[in-house]
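start-v6.txt follows (compact mmCIF, N, CA and C atoms and all ligand atoms):
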```txt
# COMPACT_ATOMS: atom_id res chain seq x y z
N MET A 141 15.41 3.18 -10.48
CA MET A 141 15.06 3.46 -9.08
C MET A 141 14.18 2.33 -8.53
N THR A 142 14.66 1.67 -7.47
CA THR A 142 13.91 0.51 -6.97
C THR A 142 13.02 0.87 -5.78
N VAL A 143 12.10 -0.04 -5.49
CA VAL A 143 11.19 0.11 -4.36
C VAL A 143 11.96 0.21 -3.04
N ALA A 144 13.12 -0.46 -2.97
CA ALA A 144 13.93 -0.44 -1.75
C ALA A 144 14.24 0.99 -1.32
N ARG A 145 14.44 1.90 -2.31
CA ARG A 145 14.74 3.30 -1.98
C ARG A 145 13.56 3.97 -1.28
N ILE A 146 12.35 3.65 -1.73
CA ILE A 146 11.15 4.24 -1.09
C ILE A 146 11.04 3.71 0.34
N LEU A 147 11.23 2.40 0.50
CA LEU A 147 11.09 1.81 1.84
C LEU A 147 12.16 2.38 2.78
N ALA A 148 13.35 2.64 2.23
CA ALA A 148 14.43 3.18 3.07
C ALA A 148 14.04 4.56 3.59
N SER A 149 13.28 5.32 2.80
CA SER A 149 12.93 6.66 3.29
C SER A 149 11.61 6.67 4.07
N LYS A 150 10.63 5.85 3.69
CA LYS A 150 9.35 5.92 4.41
C LYS A 150 9.26 4.94 5.58
N GLY A 151 10.14 3.94 5.60
CA GLY A 151 10.10 2.95 6.67
C GLY A 151 9.38 1.70 6.25
N ARG A 152 9.49 0.66 7.09
CA ARG A 152 8.97 -0.65 6.71
C ARG A 152 7.77 -1.09 7.53
N ASP A 153 7.23 -0.15 8.31
CA ASP A 153 6.08 -0.51 9.13
C ASP A 153 4.86 -0.80 8.26
N VAL A 154 4.17 -1.90 8.55
CA VAL A 154 2.92 -2.19 7.85
C VAL A 154 1.87 -2.46 8.93
N VAL A 155 0.74 -1.79 8.82
CA VAL A 155 -0.33 -2.03 9.78
C VAL A 155 -1.07 -3.30 9.35
N THR A 156 -1.18 -4.24 10.27
CA THR A 156 -1.86 -5.50 9.95
C THR A 156 -2.98 -5.77 10.96
N MET A 157 -3.92 -6.60 10.53
CA MET A 157 -4.97 -7.09 11.42
C MET A 157 -5.23 -8.53 11.06
N GLN A 158 -6.09 -9.17 11.87
CA GLN A 158 -6.39 -10.58 11.60
C GLN A 158 -7.81 -10.71 11.03
N PRO A 159 -8.08 -11.84 10.35
CA PRO A 159 -9.36 -11.98 9.65
C PRO A 159 -10.59 -11.80 10.54
N HIS A 160 -10.45 -12.11 11.84
CA HIS A 160 -11.62 -12.01 12.73
C HIS A 160 -11.89 -10.58 13.19
N ASN A 161 -10.92 -9.68 13.00
CA ASN A 161 -11.15 -8.28 13.38
C ASN A 161 -12.33 -7.73 12.58
N THR A 162 -13.06 -6.80 13.19
CA THR A 162 -14.25 -6.28 12.51
C THR A 162 -13.87 -5.14 11.55
N LEU A 163 -14.81 -4.86 10.66
CA LEU A 163 -14.60 -3.75 9.73
C LEU A 163 -14.46 -2.44 10.52
N ARG A 164 -15.12 -2.38 11.68
CA ARG A 164 -14.99 -1.17 12.53
C ARG A 164 -13.54 -1.03 13.01
N ASP A 165 -12.91 -2.15 13.40
CA ASP A 165 -11.49 -2.11 13.81
C ASP A 165 -10.65 -1.55 12.67
N VAL A 166 -10.98 -1.99 11.45
CA VAL A 166 -10.22 -1.54 10.26
C VAL A 166 -10.41 -0.03 10.07
N VAL A 167 -11.67 0.41 10.12
CA VAL A 167 -11.96 1.85 9.93
C VAL A 167 -11.22 2.67 10.98
N ASP A 168 -11.24 2.23 12.23
CA ASP A 168 -10.55 2.96 13.31
C ASP A 168 -9.06 3.06 13.02
N ALA A 169 -8.47 1.95 12.56
CA ALA A 169 -7.01 1.94 12.30
C ALA A 169 -6.68 2.82 11.09
N LEU A 170 -7.50 2.75 10.05
CA LEU A 170 -7.24 3.58 8.85
C LEU A 170 -7.29 5.05 9.24
N ALA A 171 -8.28 5.42 10.06
CA ALA A 171 -8.43 6.83 10.46
C ALA A 171 -7.28 7.25 11.39
N ALA A 172 -6.96 6.42 12.37
CA ALA A 172 -5.94 6.78 13.36
C ALA A 172 -4.56 6.91 12.72
N LYS A 173 -4.28 6.05 11.74
CA LYS A 173 -2.93 6.02 11.17
C LYS A 173 -2.82 6.82 9.86
N HIS A 174 -3.93 7.41 9.44
CA HIS A 174 -3.92 8.20 8.20
C HIS A 174 -3.44 7.38 7.01
N ILE A 175 -3.99 6.18 6.88
CA ILE A 175 -3.61 5.31 5.76
C ILE A 175 -4.86 4.87 5.01
N GLY A 176 -4.64 4.27 3.83
CA GLY A 176 -5.78 3.90 2.99
C GLY A 176 -6.02 2.40 2.90
N ALA A 177 -5.08 1.61 3.43
CA ALA A 177 -5.26 0.15 3.33
C ALA A 177 -4.44 -0.53 4.41
N LEU A 178 -4.85 -1.73 4.79
CA LEU A 178 -4.00 -2.52 5.67
C LEU A 178 -4.06 -3.98 5.26
N ILE A 179 -3.09 -4.72 5.77
CA ILE A 179 -2.93 -6.12 5.38
C ILE A 179 -3.51 -7.03 6.46
N ILE A 180 -4.20 -8.06 6.00
CA ILE A 180 -4.77 -9.04 6.94
C ILE A 180 -3.86 -10.26 6.94
N THR A 181 -3.42 -10.63 8.14
CA THR A 181 -2.52 -11.80 8.27
C THR A 181 -3.13 -12.81 9.23
N ASP A 182 -2.64 -14.06 9.15
CA ASP A 182 -3.04 -15.04 10.16
C ASP A 182 -2.13 -14.83 11.38
N PRO A 183 -2.38 -15.54 12.49
CA PRO A 183 -1.57 -15.30 13.70
C PRO A 183 -0.07 -15.54 13.48
N GLN A 184 0.27 -16.32 12.45
CA GLN A 184 1.69 -16.58 12.14
C GLN A 184 2.29 -15.48 11.26
N GLY A 185 1.48 -14.52 10.87
CA GLY A 185 1.99 -13.40 10.07
C GLY A 185 1.89 -13.64 8.58
N LYS A 186 1.26 -14.77 8.17
CA LYS A 186 1.13 -15.04 6.73
C LYS A 186 -0.01 -14.19 6.15
N MET A 187 0.26 -13.56 5.00
CA MET A 187 -0.75 -12.68 4.41
C MET A 187 -1.98 -13.45 3.96
N GLN A 188 -3.15 -12.92 4.34
CA GLN A 188 -4.42 -13.55 3.96
C GLN A 188 -5.23 -12.66 3.03
N GLY A 189 -4.99 -11.36 3.11
CA GLY A 189 -5.77 -10.44 2.27
C GLY A 189 -5.34 -9.01 2.47
N ILE A 190 -5.98 -8.14 1.68
CA ILE A 190 -5.74 -6.70 1.83
C ILE A 190 -7.12 -6.04 1.87
N VAL A 191 -7.25 -5.01 2.70
CA VAL A 191 -8.52 -4.28 2.75
C VAL A 191 -8.22 -2.80 2.65
N SER A 192 -8.93 -2.12 1.77
CA SER A 192 -8.69 -0.69 1.60
C SER A 192 -9.98 0.07 1.87
N GLU A 193 -9.85 1.40 1.93
CA GLU A 193 -11.03 2.24 2.20
C GLU A 193 -12.12 1.98 1.16
N ARG A 194 -11.71 1.58 -0.04
CA ARG A 194 -12.70 1.30 -1.08
C ARG A 194 -13.57 0.10 -0.72
N ASP A 195 -12.95 -0.92 -0.08
CA ASP A 195 -13.72 -2.10 0.35
C ASP A 195 -14.72 -1.70 1.43
N VAL A 196 -14.30 -0.78 2.30
CA VAL A 196 -15.18 -0.33 3.38
C VAL A 196 -16.39 0.40 2.79
N VAL A 197 -16.13 1.28 1.82
CA VAL A 197 -17.22 2.02 1.17
C VAL A 197 -18.19 1.04 0.50
N ARG A 198 -17.63 0.05 -0.19
CA ARG A 198 -18.47 -0.93 -0.90
C ARG A 198 -19.32 -1.73 0.11
N ALA A 199 -18.70 -2.14 1.22
CA ALA A 199 -19.39 -2.95 2.23
C ALA A 199 -20.57 -2.16 2.81
N ILE A 200 -20.34 -0.87 3.11
CA ILE A 200 -21.40 -0.06 3.72
C ILE A 200 -22.49 0.24 2.68
N ALA A 201 -22.09 0.46 1.43
CA ALA A 201 -23.08 0.71 0.37
C ALA A 201 -23.99 -0.51 0.20
N GLN A 202 -23.41 -1.71 0.32
CA GLN A 202 -24.20 -2.93 0.08
C GLN A 202 -24.98 -3.39 1.31
N HIS A 203 -24.38 -3.23 2.50
CA HIS A 203 -24.99 -3.83 3.70
C HIS A 203 -25.37 -2.82 4.77
N GLY A 204 -25.12 -1.54 4.52
CA GLY A 204 -25.41 -0.53 5.54
C GLY A 204 -24.36 -0.55 6.64
N ALA A 205 -24.60 0.29 7.67
CA ALA A 205 -23.62 0.45 8.75
C ALA A 205 -23.41 -0.84 9.55
N ASP A 206 -24.37 -1.79 9.47
CA ASP A 206 -24.21 -3.07 10.18
C ASP A 206 -22.95 -3.80 9.73
N ALA A 207 -22.51 -3.52 8.50
CA ALA A 207 -21.29 -4.18 7.98
C ALA A 207 -20.10 -3.94 8.89
N LEU A 208 -20.12 -2.82 9.62
CA LEU A 208 -18.98 -2.49 10.48
C LEU A 208 -18.75 -3.53 11.57
N GLU A 209 -19.81 -4.30 11.89
CA GLU A 209 -19.65 -5.33 12.94
C GLU A 209 -19.22 -6.68 12.35
N ASP A 210 -19.14 -6.77 11.03
CA ASP A 210 -18.76 -8.05 10.38
C ASP A 210 -17.25 -8.23 10.42
N PRO A 211 -16.78 -9.50 10.37
CA PRO A 211 -15.34 -9.72 10.27
C PRO A 211 -14.80 -9.20 8.94
N VAL A 212 -13.60 -8.66 9.00
CA VAL A 212 -12.99 -8.08 7.79
C VAL A 212 -12.80 -9.14 6.70
N SER A 213 -12.69 -10.41 7.11
CA SER A 213 -12.49 -11.49 6.12
C SER A 213 -13.63 -11.52 5.10
N ASN A 214 -14.82 -11.00 5.48
CA ASN A 214 -15.95 -10.98 4.53
C ASN A 214 -15.71 -10.01 3.38
N TYR A 215 -14.84 -9.03 3.59
CA TYR A 215 -14.74 -7.94 2.62
C TYR A 215 -13.35 -7.74 2.02
N MET A 216 -12.34 -8.44 2.58
CA MET A 216 -10.97 -8.21 2.09
C MET A 216 -10.79 -8.85 0.70
N THR A 217 -9.77 -8.38 -0.02
CA THR A 217 -9.39 -8.99 -1.30
C THR A 217 -8.36 -10.06 -0.99
N LYS A 218 -8.67 -11.31 -1.42
CA LYS A 218 -7.77 -12.42 -1.06
C LYS A 218 -6.67 -12.64 -2.08
N ASN A 219 -6.95 -12.23 -3.30
CA ASN A 219 -5.98 -12.43 -4.37
C ASN A 219 -5.03 -11.24 -4.42
N ILE A 220 -3.99 -11.27 -3.61
CA ILE A 220 -3.15 -10.07 -3.46
C ILE A 220 -2.04 -10.06 -4.50
N VAL A 221 -1.88 -8.91 -5.14
CA VAL A 221 -0.74 -8.72 -6.05
C VAL A 221 0.38 -8.09 -5.21
N THR A 222 1.57 -8.67 -5.28
CA THR A 222 2.69 -8.15 -4.48
C THR A 222 3.86 -7.78 -5.40
N ALA A 223 4.84 -7.10 -4.82
CA ALA A 223 6.06 -6.77 -5.56
C ALA A 223 7.25 -7.02 -4.64
N THR A 224 8.44 -7.02 -5.23
CA THR A 224 9.65 -7.18 -4.43
C THR A 224 10.41 -5.86 -4.38
N GLU A 225 11.36 -5.79 -3.45
CA GLU A 225 12.14 -4.56 -3.27
C GLU A 225 12.99 -4.23 -4.48
N GLU A 226 13.32 -5.26 -5.26
CA GLU A 226 14.22 -5.06 -6.41
C GLU A 226 13.49 -4.49 -7.61
N GLU A 227 12.16 -4.53 -7.59
CA GLU A 227 11.41 -4.01 -8.74
C GLU A 227 11.53 -2.48 -8.80
N SER A 228 11.46 -1.96 -10.02
CA SER A 228 11.56 -0.50 -10.14
C SER A 228 10.23 0.13 -9.74
N VAL A 229 10.32 1.38 -9.32
CA VAL A 229 9.11 2.12 -8.93
C VAL A 229 8.15 2.17 -10.11
N LEU A 230 8.70 2.34 -11.31
CA LEU A 230 7.88 2.40 -12.52
C LEU A 230 7.11 1.10 -12.74
N GLU A 231 7.80 -0.04 -12.55
CA GLU A 231 7.14 -1.34 -12.70
C GLU A 231 5.97 -1.48 -11.73
N VAL A 232 6.23 -1.08 -10.48
CA VAL A 232 5.22 -1.23 -9.44
C VAL A 232 4.02 -0.31 -9.71
N VAL A 233 4.30 0.91 -10.14
CA VAL A 233 3.20 1.82 -10.48
C VAL A 233 2.41 1.25 -11.66
N GLY A 234 3.13 0.63 -12.60
CA GLY A 234 2.48 0.00 -13.75
C GLY A 234 1.54 -1.12 -13.31
N LYS A 235 1.99 -1.94 -12.36
CA LYS A 235 1.15 -3.03 -11.86
C LYS A 235 -0.09 -2.48 -11.16
N MET A 236 0.09 -1.39 -10.40
CA MET A 236 -1.04 -0.81 -9.68
C MET A 236 -2.04 -0.23 -10.68
N SER A 237 -1.50 0.44 -11.71
CA SER A 237 -2.38 1.04 -12.70
C SER A 237 -3.16 -0.04 -13.46
N LYS A 238 -2.45 -1.14 -13.83
CA LYS A 238 -3.09 -2.23 -14.55
C LYS A 238 -4.17 -2.90 -13.69
N GLY A 239 -3.87 -3.09 -12.41
CA GLY A 239 -4.81 -3.77 -11.52
C GLY A 239 -5.85 -2.84 -10.93
N ARG A 240 -5.72 -1.52 -11.21
CA ARG A 240 -6.65 -0.51 -10.69
C ARG A 240 -6.73 -0.52 -9.18
N PHE A 241 -5.58 -0.59 -8.52
CA PHE A 241 -5.54 -0.41 -7.07
C PHE A 241 -4.36 0.49 -6.73
N ARG A 242 -4.31 0.96 -5.48
CA ARG A 242 -3.34 2.00 -5.11
C ARG A 242 -2.36 1.59 -4.02
N HIS A 243 -2.37 0.30 -3.68
CA HIS A 243 -1.48 -0.16 -2.60
C HIS A 243 -0.76 -1.43 -3.02
N MET A 244 0.54 -1.49 -2.72
CA MET A 244 1.30 -2.67 -3.12
C MET A 244 2.11 -3.20 -1.93
N PRO A 245 1.74 -4.39 -1.42
CA PRO A 245 2.56 -5.00 -0.38
C PRO A 245 3.89 -5.45 -0.99
N ILE A 246 4.97 -5.20 -0.26
CA ILE A 246 6.31 -5.59 -0.73
C ILE A 246 6.76 -6.80 0.07
N VAL A 247 7.20 -7.84 -0.64
CA VAL A 247 7.54 -9.11 0.04
C VAL A 247 8.96 -9.55 -0.31
N VAL A 248 9.54 -10.29 0.66
CA VAL A 248 10.79 -11.00 0.42
C VAL A 248 10.52 -12.44 0.82
N ASN A 249 10.65 -13.36 -0.11
CA ASN A 249 10.32 -14.77 0.15
C ASN A 249 8.96 -14.93 0.83
N ASP A 250 7.97 -14.27 0.27
CA ASP A 250 6.60 -14.34 0.80
C ASP A 250 6.41 -13.67 2.16
N ARG A 251 7.47 -13.03 2.68
CA ARG A 251 7.36 -12.34 3.97
C ARG A 251 7.15 -10.85 3.69
N LEU A 252 6.15 -10.28 4.40
CA LEU A 252 5.81 -8.87 4.22
C LEU A 252 6.90 -7.98 4.79
N VAL A 253 7.46 -7.08 3.95
CA VAL A 253 8.54 -6.20 4.46
C VAL A 253 8.20 -4.72 4.29
N GLY A 254 7.03 -4.42 3.74
CA GLY A 254 6.66 -3.01 3.59
C GLY A 254 5.43 -2.88 2.71
N ILE A 255 4.97 -1.66 2.56
CA ILE A 255 3.84 -1.39 1.64
C ILE A 255 4.10 -0.05 0.96
N VAL A 256 3.81 0.01 -0.32
CA VAL A 256 4.02 1.25 -1.08
C VAL A 256 2.69 1.64 -1.70
N SER A 257 2.33 2.91 -1.55
CA SER A 257 1.09 3.39 -2.16
C SER A 257 1.43 4.23 -3.40
N VAL A 258 0.43 4.47 -4.22
CA VAL A 258 0.62 5.35 -5.38
C VAL A 258 1.13 6.71 -4.89
N GLY A 259 0.58 7.16 -3.75
CA GLY A 259 1.00 8.45 -3.18
C GLY A 259 2.48 8.44 -2.82
N ASP A 260 2.97 7.34 -2.23
CA ASP A 260 4.40 7.24 -1.90
C ASP A 260 5.25 7.35 -3.16
N ALA A 261 4.81 6.65 -4.21
CA ALA A 261 5.59 6.62 -5.46
C ALA A 261 5.65 8.00 -6.09
N ILE A 262 4.52 8.71 -6.09
CA ILE A 262 4.48 10.05 -6.69
C ILE A 262 5.34 11.01 -5.88
N LYS A 263 5.21 10.94 -4.56
CA LYS A 263 5.99 11.82 -3.68
C LYS A 263 7.49 11.62 -3.93
N PHE A 264 7.87 10.35 -4.04
CA PHE A 264 9.27 10.02 -4.24
C PHE A 264 9.77 10.53 -5.58
N ARG A 265 8.97 10.32 -6.62
CA ARG A 265 9.37 10.74 -7.97
C ARG A 265 9.48 12.27 -8.05
N LEU A 266 8.56 12.98 -7.39
CA LEU A 266 8.60 14.45 -7.41
C LEU A 266 9.88 14.95 -6.73
N ALA A 267 10.22 14.34 -5.60
CA ALA A 267 11.43 14.74 -4.87
C ALA A 267 12.65 14.50 -5.75
N GLN A 268 12.62 13.36 -6.45
CA GLN A 268 13.74 13.01 -7.34
C GLN A 268 13.86 14.02 -8.49
N MET A 269 12.71 14.42 -9.06
CA MET A 269 12.72 15.38 -10.17
C MET A 269 13.26 16.73 -9.69
N GLU A 270 12.87 17.12 -8.46
CA GLU A 270 13.37 18.39 -7.92
C GLU A 270 14.89 18.35 -7.75
N GLU A 271 15.39 17.22 -7.26
CA GLU A 271 16.84 17.05 -7.09
C GLU A 271 17.55 17.17 -8.44
N GLU A 272 16.99 16.49 -9.46
CA GLU A 272 17.59 16.52 -10.79
C GLU A 272 17.63 17.95 -11.33
N GLN A 273 16.50 18.66 -11.11
CA GLN A 273 16.40 20.04 -11.60
C GLN A 273 17.43 20.94 -10.94
N SER A 274 17.57 20.81 -9.60
CA SER A 274 18.50 21.73 -8.93
C SER A 274 19.93 21.36 -9.28
N ALA A 275 20.21 20.07 -9.54
CA ALA A 275 21.56 19.69 -9.97
C ALA A 275 21.87 20.30 -11.34
N LEU A 276 20.84 20.29 -12.22
CA LEU A 276 21.02 20.87 -13.56
C LEU A 276 21.26 22.37 -13.47
N ARG A 277 20.42 23.04 -12.61
CA ARG A 277 20.56 24.50 -12.44
C ARG A 277 21.96 24.86 -11.95
N GLU A 278 22.44 24.08 -10.98
CA GLU A 278 23.77 24.32 -10.42
C GLU A 278 24.83 24.14 -11.50
N TYR A 279 24.64 23.10 -12.30
CA TYR A 279 25.60 22.80 -13.38
C TYR A 279 25.65 23.96 -14.37
N ILE A 280 24.44 24.46 -14.75
CA ILE A 280 24.37 25.56 -15.71
C ILE A 280 25.00 26.83 -15.12
N ALA A 281 24.72 27.09 -13.82
CA ALA A 281 25.25 28.30 -13.19
C ALA A 281 26.77 28.29 -13.08
N THR A 282 27.33 27.11 -12.95
CA THR A 282 28.79 27.04 -12.76
C THR A 282 29.54 26.74 -14.06
N ALA A 283 28.78 26.49 -15.15
CA ALA A 283 29.43 26.10 -16.41
C ALA A 283 30.08 27.30 -17.09
P1 LIG A 301 -7.19 0.73 -3.47
O1 LIG A 301 -7.19 1.45 -4.78
O2 LIG A 301 -5.82 0.29 -3.04
O3 LIG A 301 -7.97 1.44 -2.40
O4 LIG A 301 -7.94 -0.68 -3.69
C1 LIG A 301 -8.98 -0.90 -4.62
C2 LIG A 301 -9.38 -2.37 -4.54
O5 LIG A 301 -8.26 -3.21 -4.87
C3 LIG A 301 -9.84 -2.87 -3.16
O6 LIG A 301 -10.84 -3.85 -3.34
C4 LIG A 301 -8.61 -3.50 -2.54
O7 LIG A 301 -8.89 -4.54 -1.62
C5 LIG A 301 -7.90 -4.05 -3.77
N1 LIG A 301 -6.44 -4.00 -3.67
C6 LIG A 301 -5.67 -3.02 -3.16
N2 LIG A 301 -4.37 -3.30 -3.25
C7 LIG A 301 -4.29 -4.53 -3.84
C8 LIG A 301 -3.22 -5.41 -4.19
N3 LIG A 301 -1.94 -5.08 -4.01
N4 LIG A 301 -3.53 -6.61 -4.75
C9 LIG A 301 -4.82 -6.94 -4.98
N5 LIG A 301 -5.87 -6.17 -4.66
C10 LIG A 301 -5.63 -4.97 -4.10
```

Please express the file's structure as structure tokens.
Amino acid sequence: MTVARILASKGRDVVTMQPHNTLRDVVDALAAKHIGALIITDPQGKMQGIVSERDVVRAIAQHGADALEDPVSNYMTKNIVTATEEESVLEVVGKMSKGRFRHMPIVVNDRLVGIVSVGDAIKFRLAQMEEEQSALREYIATA
């Protein structure tokens, strides 16, 4: 099962901001869109970093609420781990578990085409398991 299947069902929208946007802009977007992370790009759309709710918590713990007025570039993670659509969901979950993060930007030739969270992967796998179970039940009932 590849990442492409998840993107086909959840969509390819990725919320992005630019490095000069403030941490407050990030917090507002995370809250409004009910998401846990967003991607920071330059004006040309090239990925510069990723910022998640965990970075926001860390920034406020270290610098207090004043951190909300700082540019997000101060707090984003610049070394982004990415995956491609052809990778299996299991591989991607493995990378997230190894790197101890919960969001994976999906790229094609370095171009951002989607984002998958641990939550998306679990939701997808559960739906798949339910389908398998009901197919088995049907098979047993008709055998
Ligand atoms: P998360 O578990 O996704 O909330 O993120 C935990 C930490 O890992 C934060 O500092 C994020 O900026 C960072 N992070 C999240 N996703 C990635 C990723 N795909 N590559 C590198 N760092 C990440």

Compute the set of protein, DNA and RNA residues whose minimum atom distance to ligand LIG 301 (chain A) is at most 8 Å, using only N, CA and C atoms and all ligand atoms, and state it as an mmCIF file with N, CA and C atoms, keeping the file's coordinate frame.
```
data_model
loop_
_atom_site.group_PDB
_atom_site.id
_atom_site.type_symbol
_atom_site.label_atom_id
_atom_site.label_comp_id
_atom_site.auth_asym_id
_atom_site.auth_seq_id
_atom_site.Cartn_x
_atom_site.Cartn_y
_atom_site.Cartn_z
ATOM 1 N N GLY A 176 -4.640 4.270 3.830
ATOM 2 C CA GLY A 176 -5.780 3.900 2.990
ATOM 3 C C GLY A 176 -6.020 2.400 2.900
ATOM 4 N N ALA A 177 -5.080 1.610 3.430
ATOM 5 C CA ALA A 177 -5.260 0.150 3.330
ATOM 6 C C ALA A 177 -4.440 -0.530 4.410
ATOM 7 N N GLY A 189 -4.990 -11.360 3.110
ATOM 8 C CA GLY A 189 -5.770 -10.440 2.270
ATOM 9 C C GLY A 189 -5.340 -9.010 2.470
ATOM 10 N N ILE A 190 -5.980 -8.140 1.680
ATOM 11 C CA ILE A 190 -5.740 -6.700 1.830
ATOM 12 C C ILE A 190 -7.120 -6.040 1.870
ATOM 13 N N VAL A 191 -7.250 -5.010 2.700
ATOM 14 C CA VAL A 191 -8.520 -4.280 2.750
ATOM 15 C C VAL A 191 -8.220 -2.800 2.650
ATOM 16 N N SER A 192 -8.930 -2.120 1.770
ATOM 17 C CA SER A 192 -8.690 -0.690 1.600
ATOM 18 C C SER A 192 -9.980 0.070 1.870
ATOM 19 N N GLU A 193 -9.850 1.400 1.930
ATOM 20 C CA GLU A 193 -11.030 2.240 2.200
ATOM 21 C C GLU A 193 -12.120 1.980 1.160
ATOM 22 N N ARG A 194 -11.710 1.580 -0.040
ATOM 23 C CA ARG A 194 -12.700 1.300 -1.080
ATOM 24 C C ARG A 194 -13.570 0.100 -0.720
ATOM 25 N N ASP A 195 -12.950 -0.920 -0.080
ATOM 26 C CA ASP A 195 -13.720 -2.100 0.350
ATOM 27 C C ASP A 195 -14.720 -1.700 1.430
ATOM 28 N N VAL A 196 -14.300 -0.780 2.300
ATOM 29 C CA VAL A 196 -15.180 -0.330 3.380
ATOM 30 C C VAL A 196 -16.390 0.400 2.790
ATOM 31 N N TYR A 215 -14.840 -9.030 3.590
ATOM 32 C CA TYR A 215 -14.740 -7.940 2.620
ATOM 33 C C TYR A 215 -13.350 -7.740 2.020
ATOM 34 N N MET A 216 -12.340 -8.440 2.580
ATOM 35 C CA MET A 216 -10.970 -8.210 2.090
ATOM 36 C C MET A 216 -10.790 -8.850 0.700
ATOM 37 N N THR A 217 -9.770 -8.380 -0.020
ATOM 38 C CA THR A 217 -9.390 -8.990 -1.300
ATOM 39 C C THR A 217 -8.360 -10.060 -0.990
ATOM 40 N N LYS A 218 -8.670 -11.310 -1.420
ATOM 41 C CA LYS A 218 -7.770 -12.420 -1.060
ATOM 42 C C LYS A 218 -6.670 -12.640 -2.080
ATOM 43 N N ASN A 219 -6.950 -12.230 -3.300
ATOM 44 C CA ASN A 219 -5.980 -12.430 -4.370
ATOM 45 C C ASN A 219 -5.030 -11.240 -4.420
ATOM 46 N N ILE A 220 -3.990 -11.270 -3.610
ATOM 47 C CA ILE A 220 -3.150 -10.070 -3.460
ATOM 48 C C ILE A 220 -2.040 -10.060 -4.500
ATOM 49 N N VAL A 221 -1.880 -8.910 -5.140
ATOM 50 C CA VAL A 221 -0.740 -8.720 -6.050
ATOM 51 C C VAL A 221 0.380 -8.090 -5.210
ATOM 52 N N THR A 222 1.570 -8.670 -5.280
ATOM 53 C CA THR A 222 2.690 -8.150 -4.480
ATOM 54 C C THR A 222 3.860 -7.780 -5.400
ATOM 55 N N ALA A 223 4.840 -7.100 -4.820
ATOM 56 C CA ALA A 223 6.060 -6.770 -5.560
ATOM 57 C C ALA A 223 7.250 -7.020 -4.640
ATOM 58 N N LYS A 235 1.990 -1.940 -12.360
ATOM 59 C CA LYS A 235 1.150 -3.030 -11.860
ATOM 60 C C LYS A 235 -0.090 -2.480 -11.160
ATOM 61 N N MET A 236 0.090 -1.390 -10.400
ATOM 62 C CA MET A 236 -1.040 -0.810 -9.680
ATOM 63 C C MET A 236 -2.040 -0.230 -10.680
ATOM 64 N N GLY A 239 -3.870 -3.090 -12.410
ATOM 65 C CA GLY A 239 -4.810 -3.770 -11.520
ATOM 66 C C GLY A 239 -5.850 -2.840 -10.930
ATOM 67 N N ARG A 240 -5.720 -1.520 -11.210
ATOM 68 C CA ARG A 240 -6.650 -0.510 -10.690
ATOM 69 C C ARG A 240 -6.730 -0.520 -9.180
ATOM 70 N N PHE A 241 -5.580 -0.590 -8.520
ATOM 71 C CA PHE A 241 -5.540 -0.410 -7.070
ATOM 72 C C PHE A 241 -4.360 0.490 -6.730
ATOM 73 N N ARG A 242 -4.310 0.960 -5.480
ATOM 74 C CA ARG A 242 -3.340 2.000 -5.110
ATOM 75 C C ARG A 242 -2.360 1.590 -4.020
ATOM 76 N N HIS A 243 -2.370 0.300 -3.680
ATOM 77 C CA HIS A 243 -1.480 -0.160 -2.600
ATOM 78 C C HIS A 243 -0.760 -1.430 -3.020
ATOM 79 N N MET A 244 0.540 -1.490 -2.720
ATOM 80 C CA MET A 244 1.300 -2.670 -3.120
ATOM 81 C C MET A 244 2.110 -3.200 -1.930
ATOM 82 N N PRO A 245 1.740 -4.390 -1.420
ATOM 83 C CA PRO A 245 2.560 -5.000 -0.380
ATOM 84 C C PRO A 245 3.890 -5.450 -0.990
ATOM 85 N N ILE A 246 4.970 -5.200 -0.260
ATOM 86 C CA ILE A 246 6.310 -5.590 -0.730
ATOM 87 C C ILE A 246 6.760 -6.800 0.070
ATOM 88 N N SER A 257 2.330 2.910 -1.550
ATOM 89 C CA SER A 257 1.090 3.390 -2.160
ATOM 90 C C SER A 257 1.430 4.230 -3.400
ATOM 91 N N VAL A 258 0.430 4.470 -4.220
ATOM 92 C CA VAL A 258 0.620 5.350 -5.380
ATOM 93 C C VAL A 258 1.130 6.710 -4.890
#
```

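Take atom CA of Asp165 of chain A and atom CA of Lys186 of chain A: the distance between them is 19.4 Å.
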
**Message:** I need the residues of chain A that end up classed as helix (DSSP H, G or I) by DSSP on the backbone, written out as an NGL selection string.
**Reply:** :A and (143-150 or 163-173 or 193-203 or 205-209 or 212-214 or 229-239 or 258-282)

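Near Val248 of chain A, within a cut-off of 8 Å and counting only N, CA and C atoms, sit the residues A:Ala223, A:Thr224, A:Glu225, A:Leu252, A:Val253, A:Gly254, with same-chain residues fewer than 4 positions away left out.
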
**Request:** Could you give me, as an NGL selection string, each residue of chain A that DSSP assigns to strand (DSSP E or B) when run on this structure's backbone?
**Result:** :A and (142 or 156-157 or 162 or 177-181 or 187-192 or 211 or 217 or 223 or 228 or 243-248 or 251-257)

Write out as a short mmCIF file (atom, residue, chain, number, x, y, z; two decimals) with N, CA and C atoms, in the coordinates of the input the residues lying within 9 Å of segment 150-152 of chain A, counting only C-alpha atoms and excluding same-chain residues fewer than 3 positions away.
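Generated output (part.cif):
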```cif
data_model
loop_
_atom_site.label_atom_id
_atom_site.label_comp_id
_atom_site.auth_asym_id
_atom_site.auth_seq_id
_atom_site.Cartn_x
_atom_site.Cartn_y
_atom_site.Cartn_z
N ARG A 145 14.44 1.90 -2.31
CA ARG A 145 14.74 3.30 -1.98
C ARG A 145 13.56 3.97 -1.28
N ILE A 146 12.35 3.65 -1.73
CA ILE A 146 11.15 4.24 -1.09
C ILE A 146 11.04 3.71 0.34
N LEU A 147 11.23 2.40 0.50
CA LEU A 147 11.09 1.81 1.84
C LEU A 147 12.16 2.38 2.78
N VAL A 253 7.46 -7.08 3.95
CA VAL A 253 8.54 -6.20 4.46
C VAL A 253 8.20 -4.72 4.29
N GLY A 254 7.03 -4.42 3.74
CA GLY A 254 6.66 -3.01 3.59
C GLY A 254 5.43 -2.88 2.71
N ILE A 255 4.97 -1.66 2.56
CA ILE A 255 3.84 -1.39 1.64
C ILE A 255 4.10 -0.05 0.96
N VAL A 256 3.81 0.01 -0.32
CA VAL A 256 4.02 1.25 -1.08
C VAL A 256 2.69 1.64 -1.70
N ASP A 260 2.97 7.34 -2.23
CA ASP A 260 4.40 7.24 -1.90
C ASP A 260 5.25 7.35 -3.16
#
```
